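Raw contents of upload.cif, mmCIF, C-alpha atoms:
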data_target
loop_
_atom_site.label_atom_id
_atom_site.label_comp_id
_atom_site.auth_asym_id
_atom_site.auth_seq_id
_atom_site.Cartn_x
_atom_site.Cartn_y
_atom_site.Cartn_z
CA MET A 1 32.68 -27.19 -10.21
CA PHE A 2 35.35 -26.93 -7.52
CA ASP A 3 36.62 -23.71 -9.08
CA LYS A 4 33.12 -22.29 -8.68
CA LEU A 5 32.98 -23.43 -5.03
CA LYS A 6 36.33 -21.82 -4.31
CA GLY A 7 34.96 -18.61 -5.79
CA VAL A 8 31.88 -18.87 -3.55
CA GLU A 9 34.07 -19.34 -0.49
CA LYS A 10 36.20 -16.34 -1.50
CA ARG A 11 33.08 -14.18 -1.86
CA PHE A 12 31.80 -15.48 1.51
CA LEU A 13 34.98 -14.24 3.21
CA GLU A 14 34.66 -10.88 1.42
CA VAL A 15 31.08 -10.45 2.64
CA GLU A 16 32.09 -11.37 6.20
CA LYS A 17 34.68 -8.60 6.06
CA LEU A 18 32.14 -6.12 4.66
CA LEU A 19 29.72 -6.89 7.51
CA SER A 20 32.31 -5.65 10.00
CA ASP A 21 32.97 -2.45 8.05
CA PRO A 22 31.58 0.52 10.07
CA LEU A 23 30.50 2.31 6.88
CA ILE A 24 28.42 -0.71 5.83
CA VAL A 25 26.95 -1.14 9.32
CA GLN A 26 25.75 2.46 9.24
CA ASN A 27 24.07 1.95 5.86
CA ARG A 28 20.95 -0.04 6.74
CA ASP A 29 20.03 -1.07 3.18
CA ALA A 30 23.57 -2.16 2.31
CA TYR A 31 23.97 -4.01 5.61
CA GLN A 32 20.72 -5.95 5.16
CA LYS A 33 21.70 -6.82 1.58
CA TYR A 34 25.02 -8.28 2.74
CA VAL A 35 23.36 -10.12 5.64
CA ARG A 36 21.04 -11.87 3.15
CA GLU A 37 23.95 -12.69 0.83
CA HIS A 38 25.99 -14.01 3.77
CA ALA A 39 23.15 -16.33 4.80
CA GLU A 40 22.82 -17.70 1.25
CA LEU A 41 26.57 -18.21 0.82
CA ASN A 42 26.93 -19.73 4.28
CA ARG A 43 24.86 -22.77 3.34
CA VAL A 44 27.04 -23.51 0.31
CA VAL A 45 30.34 -22.84 2.09
CA THR A 46 29.37 -25.01 5.08
CA ALA A 47 28.54 -27.96 2.81
CA TYR A 48 31.71 -27.39 0.76
CA ARG A 49 33.93 -27.37 3.85
CA GLU A 50 32.25 -30.56 5.13
CA TYR A 51 32.88 -32.14 1.74
CA ARG A 52 36.59 -31.27 1.89
CA GLN A 53 36.84 -32.72 5.41
CA VAL A 54 35.24 -35.97 4.21
CA CYS A 55 37.73 -36.13 1.30
CA ASP A 56 40.64 -35.64 3.72
CA ARG A 57 39.33 -38.41 5.98
CA LEU A 58 38.93 -40.70 2.97
CA ASP A 59 42.58 -40.14 2.08
CA GLU A 60 43.61 -40.98 5.64
CA SER A 61 41.49 -44.15 5.66
CA ALA A 62 42.91 -45.22 2.29
CA GLU A 63 46.42 -45.07 3.79
CA LEU A 64 45.31 -47.31 6.65
CA LEU A 65 44.40 -50.02 4.13
CA GLN A 66 48.16 -50.57 3.74
CA ASP A 67 48.52 -51.41 7.44
CA SER A 68 49.63 -54.95 8.31
CA ASP A 69 47.05 -55.25 11.13
CA PRO A 70 43.85 -56.88 9.73
CA ASP A 71 41.68 -55.18 12.38
CA ILE A 72 42.93 -51.77 11.32
CA LYS A 73 42.31 -52.67 7.67
CA GLN A 74 38.72 -53.69 8.44
CA MET A 75 38.16 -50.50 10.42
CA ALA A 76 39.49 -48.50 7.47
CA ARG A 77 37.16 -50.34 5.04
CA ASP A 78 34.17 -49.60 7.29
CA ASP A 79 35.14 -45.94 7.52
CA ILE A 80 35.59 -45.67 3.75
CA GLU A 81 32.12 -47.14 3.14
CA GLN A 82 30.50 -44.68 5.55
CA LEU A 83 32.54 -41.70 4.26
CA ASN A 84 31.63 -42.46 0.65
CA ARG A 85 27.94 -42.37 1.57
CA GLU A 86 28.48 -39.01 3.27
CA LYS A 87 30.46 -37.76 0.26
CA ASP A 88 27.61 -38.71 -2.11
CA ARG A 89 25.09 -36.96 0.13
CA LEU A 90 27.14 -33.77 0.24
CA ASP A 91 27.70 -33.96 -3.52
CA ILE A 92 23.93 -33.86 -4.09
CA GLU A 93 23.41 -31.17 -1.42
CA ILE A 94 26.07 -28.88 -2.91
CA LYS A 95 24.63 -29.20 -6.42
CA ARG A 96 21.15 -28.44 -5.07
CA LEU A 97 22.48 -25.32 -3.35
CA LEU A 98 24.22 -24.21 -6.54
CA VAL A 99 21.05 -24.44 -8.65
CA PRO A 100 20.19 -20.82 -9.56
CA LYS A 101 17.23 -19.55 -7.55
CA ASN A 102 14.31 -17.78 -9.13
CA PRO A 103 14.92 -14.08 -8.38
CA ASN A 104 11.17 -13.65 -7.83
CA ASP A 105 10.82 -16.35 -5.15
CA GLU A 106 10.67 -13.99 -2.17
CA LYS A 107 8.23 -11.57 -3.82
CA ASN A 108 4.58 -10.85 -3.17
CA ILE A 109 2.23 -12.08 -5.88
CA ILE A 110 -0.74 -11.01 -7.94
CA LEU A 111 -3.17 -13.95 -8.03
CA GLU A 112 -5.67 -13.98 -10.91
CA ILE A 113 -8.50 -16.54 -11.02
CA ARG A 114 -10.96 -16.67 -13.92
CA ALA A 115 -13.93 -18.93 -14.61
CA GLY A 116 -13.53 -20.90 -17.84
CA THR A 117 -15.80 -23.48 -19.41
CA GLY A 118 -18.77 -24.43 -17.27
CA GLY A 119 -20.71 -21.20 -16.76
CA GLU A 120 -22.01 -20.62 -13.23
CA GLU A 121 -20.45 -23.86 -11.98
CA ALA A 122 -17.02 -22.65 -13.11
CA ALA A 123 -17.62 -19.32 -11.34
CA LEU A 124 -18.54 -21.14 -8.13
CA PHE A 125 -15.39 -23.23 -8.35
CA ALA A 126 -13.33 -20.07 -8.94
CA ALA A 127 -14.70 -18.88 -5.58
CA ASP A 128 -13.74 -22.23 -4.02
CA LEU A 129 -10.18 -21.90 -5.31
CA PHE A 130 -9.88 -18.33 -4.06
CA ARG A 131 -11.09 -19.45 -0.62
CA MET A 132 -8.56 -22.34 -0.70
CA TYR A 133 -5.65 -20.02 -1.51
CA THR A 134 -6.82 -17.46 1.06
CA ARG A 135 -6.89 -20.04 3.83
CA TYR A 136 -3.44 -21.32 2.85
CA ALA A 137 -2.10 -17.76 2.93
CA GLU A 138 -3.70 -17.09 6.32
CA LYS A 139 -1.97 -20.18 7.75
CA ARG A 140 1.32 -18.62 6.64
CA ASN A 141 0.33 -15.26 8.18
CA TRP A 142 0.34 -13.65 4.74
CA GLN A 143 -1.96 -10.77 3.85
CA VAL A 144 -4.57 -11.13 1.11
CA GLU A 145 -6.00 -8.00 -0.52
CA VAL A 146 -8.63 -8.15 -3.27
CA MET A 147 -7.60 -5.86 -6.13
CA ALA A 148 -10.61 -6.42 -8.40
CA HIS A 149 -13.45 -8.90 -8.76
CA HIS A 150 -16.47 -9.63 -10.91
CA THR A 151 -19.14 -11.78 -9.26
CA SER A 152 -21.59 -14.13 -10.97
CA ASP A 153 -25.35 -14.22 -10.42
CA VAL A 154 -25.13 -17.12 -7.93
CA GLY A 155 -22.27 -15.77 -5.83
CA GLY A 156 -19.25 -17.17 -7.64
CA PHE A 157 -16.45 -15.24 -9.29
CA LYS A 158 -16.25 -14.72 -13.04
CA GLU A 159 -12.90 -13.14 -12.23
CA ILE A 160 -11.00 -12.17 -9.08
CA VAL A 161 -7.59 -10.54 -8.77
CA ALA A 162 -5.83 -10.37 -5.41
CA MET A 163 -2.49 -9.37 -3.95
CA ILE A 164 -0.88 -11.84 -1.53
CA ARG A 165 1.84 -10.27 0.57
CA GLY A 166 4.32 -12.47 2.40
CA ASN A 167 7.95 -13.51 2.32
CA GLY A 168 8.27 -16.36 -0.17
CA ALA A 169 4.74 -16.05 -1.56
CA TYR A 170 5.85 -16.48 -5.18
CA SER A 171 8.02 -19.46 -4.24
CA ALA A 172 4.96 -21.23 -2.78
CA PHE A 173 2.39 -20.23 -5.41
CA LYS A 174 4.42 -20.26 -8.63
CA TYR A 175 3.37 -23.79 -9.62
CA GLU A 176 -0.36 -22.97 -9.36
CA SER A 177 -0.51 -21.26 -12.77
CA GLY A 178 -2.59 -23.29 -15.20
CA THR A 179 -6.01 -24.78 -15.84
CA HIS A 180 -7.73 -26.35 -12.82
CA ARG A 181 -10.52 -28.78 -13.68
CA VAL A 182 -13.37 -29.70 -11.35
CA GLN A 183 -15.67 -32.73 -11.62
CA ARG A 184 -18.77 -32.62 -9.41
CA VAL A 185 -22.56 -32.51 -9.38
CA PRO A 186 -23.70 -28.86 -9.52
CA ALA A 187 -26.31 -27.73 -7.01
CA THR A 188 -28.60 -26.88 -9.94
CA GLU A 189 -28.32 -30.38 -11.48
CA ALA A 190 -31.64 -32.19 -10.93
CA GLN A 191 -30.52 -35.48 -12.51
CA GLY A 192 -27.44 -35.85 -10.30
CA ARG A 193 -25.08 -35.90 -13.27
CA ILE A 194 -21.40 -35.04 -12.84
CA HIS A 195 -20.31 -31.92 -14.74
CA THR A 196 -16.79 -30.93 -15.69
CA SER A 197 -15.81 -27.26 -15.46
CA ALA A 198 -12.53 -25.38 -15.69
CA VAL A 199 -10.92 -22.39 -14.02
CA THR A 200 -7.66 -20.71 -15.01
CA VAL A 201 -5.17 -19.46 -12.45
CA ALA A 202 -2.31 -17.04 -13.11
CA VAL A 203 0.36 -16.23 -10.52
CA LEU A 204 2.44 -13.12 -11.24
CA PRO A 205 5.29 -11.81 -9.09
CA GLU A 206 4.74 -8.26 -7.93
CA ALA A 207 6.76 -5.85 -10.06
CA GLU A 208 8.52 -2.94 -8.42
CA GLU A 209 8.43 0.41 -10.16
CA VAL A 210 12.20 0.21 -10.67
CA GLU A 211 11.73 -3.07 -12.58
CA ILE A 212 8.90 -1.94 -14.83
CA THR A 213 8.79 1.72 -15.74
CA ILE A 214 5.55 2.76 -17.42
CA ASP A 215 5.62 5.89 -19.56
CA PRO A 216 2.53 7.98 -18.67
CA THR A 217 2.01 8.62 -22.38
CA ASP A 218 1.68 4.86 -22.93
CA ILE A 219 -1.46 4.50 -20.81
CA LYS A 220 -5.05 5.54 -21.25
CA VAL A 221 -7.10 6.01 -18.07
CA ASP A 222 -10.90 5.88 -18.14
CA VAL A 223 -13.08 6.50 -15.10
CA PHE A 224 -16.66 5.38 -14.66
CA ARG A 225 -19.23 4.66 -11.98
CA SER A 226 -18.71 1.43 -10.04
CA SER A 227 -21.49 -1.13 -10.17
CA GLY A 228 -22.21 -4.38 -8.39
CA PRO A 229 -23.90 -7.61 -9.53
CA GLY A 230 -26.96 -7.02 -11.68
CA GLY A 231 -26.12 -3.36 -12.19
CA GLN A 232 -26.56 -2.48 -8.51
CA SER A 233 -24.76 0.79 -7.78
CA VAL A 234 -21.79 0.48 -5.44
CA ASN A 235 -21.30 4.24 -5.10
CA THR A 236 -22.49 7.37 -6.78
CA THR A 237 -19.15 8.79 -7.90
CA ASP A 238 -17.00 8.01 -10.91
CA SER A 239 -14.43 6.08 -8.85
CA ALA A 240 -13.93 2.96 -11.00
CA VAL A 241 -10.79 3.02 -13.13
CA ARG A 242 -9.85 1.27 -16.35
CA VAL A 243 -6.19 1.48 -17.35
CA THR A 244 -5.17 0.49 -20.90
CA HIS A 245 -1.52 -0.01 -21.78
CA LEU A 246 -1.46 1.16 -25.38
CA PRO A 247 1.73 -0.57 -26.63
CA THR A 248 0.56 -4.05 -25.50
CA GLY A 249 -3.22 -3.65 -25.32
CA LEU A 250 -3.29 -4.93 -21.73
CA VAL A 251 -6.36 -3.67 -19.84
CA VAL A 252 -6.82 -3.58 -16.05
CA THR A 253 -10.05 -2.51 -14.34
CA CYS A 254 -10.39 -1.81 -10.61
CA GLN A 255 -13.55 -0.66 -8.84
CA ASP A 256 -13.35 -2.21 -5.37
CA GLU A 257 -12.29 1.01 -3.63
CA LYS A 258 -14.45 4.12 -3.19
CA SER A 259 -11.46 6.27 -4.03
CA GLN A 260 -10.57 6.80 -7.69
CA TRP A 261 -6.93 7.30 -6.67
CA LYS A 262 -6.81 3.98 -4.78
CA ASN A 263 -8.41 2.15 -7.70
CA LYS A 264 -5.86 3.61 -10.10
CA ALA A 265 -2.99 2.65 -7.78
CA LYS A 266 -4.26 -0.94 -7.62
CA ALA A 267 -4.73 -1.06 -11.38
CA MET A 268 -1.16 0.15 -11.94
CA THR A 269 0.16 -2.51 -9.55
CA VAL A 270 -1.64 -5.25 -11.50
CA LEU A 271 -0.51 -3.76 -14.82
CA ARG A 272 3.15 -3.73 -13.76
CA ALA A 273 2.91 -7.38 -12.68
CA ARG A 274 1.35 -8.38 -16.01
CA LEU A 275 3.98 -6.46 -17.97
CA LEU A 276 6.79 -8.12 -15.97
CA ASP A 277 5.22 -11.53 -16.56
CA LYS A 278 4.91 -10.79 -20.28
CA MET A 279 8.54 -9.68 -20.47
CA VAL A 280 9.82 -12.76 -18.59
CA SER A 281 7.66 -15.11 -20.72
CA GLU A 282 9.03 -13.62 -23.92
CA GLN A 283 12.59 -14.02 -22.65
CA ASP A 284 11.90 -17.64 -21.67
CA GLU A 285 10.46 -18.43 -25.10
CA LYS A 286 13.55 -17.03 -26.77
CA ARG A 287 15.77 -19.24 -24.62
CA SER A 288 13.74 -22.38 -25.13
CA LYS A 289 10.75 -23.55 -27.14
CA ASP A 290 10.14 -26.30 -24.64
CA ARG A 291 7.60 -24.96 -22.13
CA LYS A 292 8.33 -27.89 -19.80
CA ASN A 293 11.72 -26.41 -18.98
CA GLN A 294 10.20 -23.15 -17.79
CA VAL A 295 10.22 -24.10 -14.15
CA GLY A 296 7.72 -22.06 -12.21
CA SER A 297 6.15 -20.15 -15.05
CA GLY A 298 3.39 -22.71 -15.57
CA ASP A 299 1.78 -23.65 -18.84
CA ARG A 300 -1.56 -21.89 -18.59
CA SER A 301 -2.91 -23.49 -21.73
CA GLY A 302 -2.71 -27.00 -20.27
CA ARG A 303 -4.69 -28.78 -17.56
CA ILE A 304 -2.51 -29.08 -14.48
CA ARG A 305 -4.90 -30.41 -11.87
CA THR A 306 -8.25 -32.17 -11.44
CA TYR A 307 -10.50 -31.95 -8.37
CA ASN A 308 -12.90 -34.91 -8.37
CA PHE A 309 -15.61 -34.43 -5.74
CA PRO A 310 -17.41 -37.82 -5.99
CA GLN A 311 -14.12 -39.59 -5.27
CA GLY A 312 -12.74 -36.97 -2.87
CA ARG A 313 -9.64 -36.93 -5.06
CA MET A 314 -7.14 -34.33 -6.23
CA THR A 315 -4.73 -35.23 -9.03
CA ASP A 316 -1.83 -33.07 -10.19
CA HIS A 317 -1.15 -34.24 -13.74
CA ARG A 318 2.35 -32.75 -14.03
CA ILE A 319 3.88 -35.05 -11.43
CA GLY A 320 1.26 -37.82 -11.26
CA LEU A 321 0.36 -36.95 -7.67
CA THR A 322 -3.02 -38.17 -6.37
CA LEU A 323 -4.31 -37.36 -2.89
CA TYR A 324 -7.61 -38.53 -1.41
CA LYS A 325 -8.18 -35.60 0.94
CA LEU A 326 -10.03 -33.13 -1.23
CA GLU A 327 -11.94 -31.48 1.60
CA ALA A 328 -8.73 -30.72 3.52
CA ILE A 329 -7.09 -29.37 0.36
CA LEU A 330 -9.99 -27.00 -0.27
CA GLN A 331 -9.58 -25.80 3.32
CA GLY A 332 -6.05 -24.67 2.45
CA ASP A 333 -4.04 -27.81 3.25
CA LEU A 334 -1.66 -27.40 0.29
CA ASP A 335 1.68 -28.26 1.89
CA ASP A 336 1.87 -31.80 0.45
CA ILE A 337 1.16 -30.55 -3.07
CA ILE A 338 3.54 -27.59 -2.93
CA ASP A 339 6.35 -29.61 -1.31
CA GLN A 340 6.16 -32.38 -3.90
CA LEU A 341 5.97 -29.96 -6.83
CA THR A 342 8.99 -28.08 -5.46
CA ALA A 343 10.95 -31.33 -5.00
CA TYR A 344 10.08 -32.48 -8.52
CA TYR A 345 11.18 -29.27 -10.22
CA GLN A 346 14.32 -29.05 -8.10
CA ALA A 347 15.20 -32.57 -9.25
CA GLN A 348 14.60 -31.48 -12.84
CA ALA A 349 16.93 -28.54 -12.34
CA LEU A 350 19.57 -30.80 -10.79
CA GLN A 351 19.51 -33.01 -13.87
CA ASN A 352 20.52 -29.98 -15.89
CA ALA A 353 23.43 -29.30 -13.53
CA ASP A 354 26.77 -31.06 -13.76
CA SER A 355 25.88 -34.75 -13.41
CA SER A 356 29.45 -35.88 -12.67
CA PRO A 357 30.65 -36.19 -9.06
CA LEU A 358 32.64 -33.34 -7.54
CA GLN A 359 36.37 -33.78 -7.97
CA GLY A 360 39.29 -32.07 -6.29
CA THR A 361 39.94 -30.80 -2.79
#

How does this structure look as structure tokens?
Amino acid sequence: MFDKLKGVEKRFLEVEKLLSDPLIVQNRDAYQKYVREHAELNRVVTAYREYRQVCDRLDESAELLQDSDPDIKQMARDDIEQLNREKDRLDIEIKRLLVPKNPNDEKNIILEIRAGTGGEEAALFAADLFRMYTRYAEKRNWQVEVMAHHTSDVGGFKEIVAMIRGNGAYSAFKYESGTHRVQRVPATEAQGRIHTSAVTVAVLPEAEEVEITIDPTDIKVDVFRSSGPGGQSVNTTDSAVRVTHLPTGLVVTCQDEKSQWKNKAKAMTVLRARLLDKMVSEQDEKRSKDRKNQVGSGDRSGRIRTYNFPQGRMTDHRIGLTLYKLEAILQGDLDDIIDQLTAYYQAQALQNADSSPLQGT
């Protein structure tokens, strides 16, 4: 691993030199790219240099153990104990920094929420989840834009698709993909019985056009008149758009905008995200049959979380996390959940890294 760290330090020095190159400074895109790379490398190099300093001090303290003065020997033993603790801490920190980052972490996301089993109650809970995610995003000063939605008769969402724009949105939301189960007494339940419903959530990183190129001959575009709940007309022009990707059969419908062009643009954005997600999922499956190792992709076929209203409890089944603050969570207080999921999956990734201590100087 020390060879890798030496390579990182060498690249860090190269980037520092590039940042002072007048030609790079004049190229805004190139300059910003190297600034980001410098910031990433700086964290690793700083920890690596601290680690080398600790190793040097350990060598010096080890020499003092040969001194004839017992006070100096005791001082050396105390220093060695403290330095070994610092060495172990830096060892873990360096390995954490070397864990490959998800290239999608800083991207915007397409959030898709669909009512599952439970009928109207599931649709109402889909609306609750969308409100929860919206409030969390607003606290982070991220923008939320509805791309498409299909309301139920009682005001819930049978389906809602939204774009969330913000630096690090995918990093925060990527563990939300899966089946969310709710246990509560529906407003329409006269006997006061608890019902169980389910909602599925999918989180897709936004795909740039350069990442996913769609051949115009591979899509079929249908236009039709937008309509609201119960067939109520939204507008009187054929502005709603349905885009079908013929090779995969993926279908995206958008009718929220009055402009046919805007609806098509939104539909293409969602389609690109779904195609990127499909491509990444297929690559992951080829690399490993074990879905548990697919950090961040989420197993959408499995139940990941339960929201129990009578007990005011939220349980995330992947990490065994239970919190008794359901109302706050539904108001967008998701930091505890996201932080603990992130820490868990980072620890899993670290286990796959080199488990032996760093050696060398």

Point (23.6, -11.8, 5.5) neighbourhood (12 Å, all atoms listed in the file) written as a ChimeraX atom specification
/A:12-20,25,29-43

What would the selection look like, as a list in words, if the PyMOL selection byres ((chain A and resi 307-314) around 8) were run on the coordinates I just shared?
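That expression, the PyMOL selection byres ((chain A and resi 307-314) around 8), corresponds here to His180, Arg181, Val182, Gln183, Arg184, Arg305, Thr306, Thr315, Asp316, Thr322, Leu323, Tyr324, Lys325, Leu326 and Glu327 of chain A.
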
Quick check, in Å to one decimal: how far apart do atom CA of A:Gln143 and atom CA of A:Gly166 lie?
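A separation of 6.7 Å between them.
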
Run the PyMOL selection byres ((chain A and resi 141) around 12) mentally over the shown coordinates, then write out the matched residues as a ChimeraX atom specification, using the chain letters and numbers from the document.
/A:134-140,142-144,164-169

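You will find atom CA of A:Ala148 at 8.5 Å from atom CA of A:Ala267.
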
Residues selected by the PyMOL selection byres ((chain A and resi 263) around 12), written as a PyMOL selection string:
chain A and resi 146-148+221-226+238-243+252-262+264-270
